[in-house]
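Colleague: The following block contains the structure, expressed as structure tokens.
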Amino acid sequence: MSALRKYLDRIKPHFEPGGKYQKFNSAFDAFESFLYTPRTRSAVATAAQIHDSMDSKRAMIIVVLALMPCFFFGMYNTGYQHWLANGATDFPFWQLMAYGFLTVLPRVAVAYIVGLGIEFIVAQWRHEEVQEGFLVTGILVPMICPPEVSLWMLALAVAFSVIFVKEVFGGTGYNVLNVALVSRAFLFFAYPAQMSGDKVWVATSSAFGTAAPVADGFSCATPLGQIATAAGAPDVITGVNGTAVTAWDAFLGLIPGSFGETSTLCIIIGAIILLAAGIANWRIIVSVFAGGLLMGWIANVFASPLYPASYIPAVDQLLYGGFAFAAVFMATDPVTACRTTAGKWVYGFLIGVIAIIIRTYNTGYPEGAMLAVLLMNCFAPLIDWCVVQANIRHRLNRIAQ
Amino acid sequence: MAEKISNKSVLFNPFSKDNPVLVQILGICSVLAVTVKLEPAIVMGLSVIAVLAFSNVIISLIRTTIPTNIRIIVQLVVVAGLVVMVSQFLEAYAYAVSKQLSVFISLIITNCILMGRLEAFAMANRPWPSFLDGVGNGIGYSIILVIVAFFRELLGSGTLLGYQVVPDAAYEAGYVNNGLMILPPMALIVVACIIWVHRSFNKDLQDK
């Protein structure tokens, strides 16, 4: 390691003002601070400092770690669904993992190359440091998309959301909307045929020859997709091979769906990691689930054949689709969520309620968690403002008495 | 009276430096509504140019006789009359397009650019400069309409003026038209991009 440090020290003068490559200072700085604790700007040599190991880079790394259970499970499940679709009866673990890995790898690579590329260019252009915000976004985007989303669509969506949601508002920490979710929303509205329906949720290609491709014309909708298109009360939700999907399958995540968001179990593990590290806010997670349960219960009480999803029991609502993933990894994004404690309760609760409302009462959209989080992202500042104003009024009244 | 402005700048300023859409941010609703395809956008632009130019002239001619208290009503009546004429004309000679534009021709009455120009220019200037002002602002508006519609039709439908321009080979290779371009939010983002480019070339327009 010290050889690398020495090498960096040797080439560093070239990147400082006046050096040969001074234009690329921000890129150099990004690599250096990625490898080593930054010495220059964030750690000033003089005066008193408050030391805390928790800088935003650490926080990002922990979020990525918390995503890993879901990510590995997504790899397994992608392979598992593919094997099921091919009619297999035994599931060799490492082959499934390899298939899932090779399916998702190009997507992750494209997301990082496009997103980080734009971040580096913008940082260069503005003469700023490269922000580390994209570390999490780059892995989130492939996880919330169908396993075989086209690479060029993914690249376009990532570029769109990084530029129009993040960079034009001032970069990491200034975005109003969740960048990863906007990528997904862009794909969803721009390419509906490739992002929804019953053809896209199971990986069918051979993934660089690691498995036999699935025959053309294969189709299997996600559980929520099947429910949304059912006429009247849905009787049985079926998996890829035609057997019934139980709530236990949905909890484990062995159902077709977006790459990383099927397994509620792995999401719970991720949530525990985030809460233990003090990154996610437990109030938001709890209130999203509370809102979802309440709305799911209300919908279930007033179940009607017009809205097939209203027949799902409230607890099962939380297991299907991207609800749990949105609650744990999307709603808790500290940049786009409410800042005030009371605001967090309201914010989370409304996300849960709206997600189930969209899922149940808009039969055009089988899932509503993405739209619910984006909508509440827009309202988060307003909620905070109301909380602060209420507090001011409360205190003024205290003076008056 | 306002300070003397040359007829040339009255005509050409609204193209860029004083563009009604880019700088004054007026008439945004119709930019969102009629720019899915290029053809209706062009027809809409021509209609606005005609209505704006002639209403400016008429208001300018009678500007000294209009009682100040009811001037908005008088302006509305003039604009409404012209809009009805344009609408009838389109229904007679371009029925398909007028169907596509549906209510948006009638809604030229409420287009902010019209009331803005009548109030700000025609009420205080002679007919000829008013005419030029109307034509200039109409063209300034149409330019933006056409640019937005160009990108939305090209990327959203793969066509221009109804003719397919994205080759079949591209579709076979996996290219898919962008459905978001057909939805109104994308018009807003395209307008924002145009404003972005425009301001980066006109630094004096940038907010401090």
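Simple scheme: letters A, B, ... for chains in structure tokens order, numbers from 1 for residues in each chain, numbers from 1 for ligands in the order shown.
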Using only C-alpha atoms, find which residues of chain A lie within 6 Å of chain B and jot them down as a ChimeraX atom specification.

Modeller: /A:189-191

Colleague: Just C-alpha atoms for this one: save the residues we selected as a PDB file, in the first residue's frame.

Modeller:
ATOM      1  CA  PHE A 189     -42.809   5.935 -18.510  1.00  0.00           C
ATOM      2  CA  ALA A 190     -40.495   6.026 -21.514  1.00  0.00           C
ATOM      3  CA  TYR A 191     -40.374   2.302 -22.253  1.00  0.00           C
TER       4      TYR A 191
END

Colleague: Tell me which protein, DNA and RNA residues are within 10 Å of segment 259-267 of chain A, counting only C-alpha atoms, leaving out same-chain ones fewer than 2 positions away, and put them as an MDAnalysis selection string.

Modeller: chainID A and resid 66:78 100 103:104 139:149 201:203 222 248:257 269:273 318:329

Colleague: May I have the residues within 12 Å of Asp9 of chain A as a ChimeraX atom specification, using only C-alpha atoms and disregarding those fewer than 5 positions away in the same chain?

Modeller: /A:2-4,14-16,28-29,32,36,39

Colleague: Okay, now the selection with C-alpha atoms, as a short mmCIF file (atom, residue, chain, number, x, y, z; two decimals), in the first residue's frame?

Modeller:
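For reference, selection-v8.cif as written:
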data_model
loop_
_atom_site.label_atom_id
_atom_site.label_comp_id
_atom_site.auth_asym_id
_atom_site.auth_seq_id
_atom_site.Cartn_x
_atom_site.Cartn_y
_atom_site.Cartn_z
CA SER A 2 2.79 2.40 0.79
CA ALA A 3 4.09 2.03 -2.77
CA LEU A 4 0.73 3.26 -4.02
CA HIS A 14 1.01 17.50 -11.67
CA PHE A 15 -2.60 17.76 -10.66
CA GLU A 16 -2.27 20.79 -8.42
CA PHE A 28 -7.32 12.78 -9.12
CA ASP A 29 -8.72 14.00 -5.83
CA GLU A 32 -7.02 9.66 -3.92
CA TYR A 36 -7.01 7.16 1.43
CA ARG A 39 -5.73 15.05 3.81
#

Colleague: Can you pull out every residue within 9 Å of segment 40-53 of chain B, counting only C-alpha atoms, but drop anything in the same chain fewer than 3 positions away, and send it as a PyMOL selection string?

Modeller: chain B and resi 30-31+34-37+56-58+79+82-83+86-87+90+97-98+100-101+104-105+108+113-114+117-118+130-139+141-143+145-146+148-149

Colleague: Kindly give the distance, in Å, that separates atom CA of Ala59 of chain A and atom CA of Gly133 of chain A, rounded to a single decimal.

Modeller: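 Between atom CA of Ala59 of chain A and atom CA of Gly133 of chain A the gap works out to 10.0 Å.
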
Colleague: Could you tell me which of A:Ile312, A:Ala400, A:Val136, A:Val286 comes closest to Ile227 of chain A if we count only C-alpha atoms?

Modeller: A:Ile312

Colleague: Could you pull out the helix (DSSP H, G or I) residues of segment 10-206 of chain B, going by DSSP on the backbone, and write them as a ChimeraX atom specification?

Modeller: /B:10-15,28-33,38-61,68-93,95-101,103-110,112-120,122-124,127-157,168-172,179-182,184-201,203-205

Colleague: Ranking A:Gly278, A:Gly171, A:Pro192, A:Gly343 by minimum distance to Ile62 of chain A and counting only C-alpha atoms, which one comes first?

Modeller: A:Gly278

Colleague: Which residues, written as a PyMOL selection string, have at least one atom at most 12 Å from Val122 of chain A, with only C-alpha atoms counted and residues fewer than 2 positions away on the same chain left out?

Modeller: chain A and resi 24+26-27+115-120+124-131+162-163+166-168+170-172

Colleague: What is the atom CA of Asp216 of chain A to atom CA of Ala157 of chain A distance in Å?

Modeller: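 Between atom CA of Asp216 of chain A and atom CA of Ala157 of chain A the gap is 26.7 Å.
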
Colleague: Closest to Pro223 of chain A among A:Ile357, A:Thr89, A:Gly209, A:Glu367, using only C-alpha atoms?

Modeller: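 Distance minimum relative to Pro223 of chain A lands on A:Glu367.
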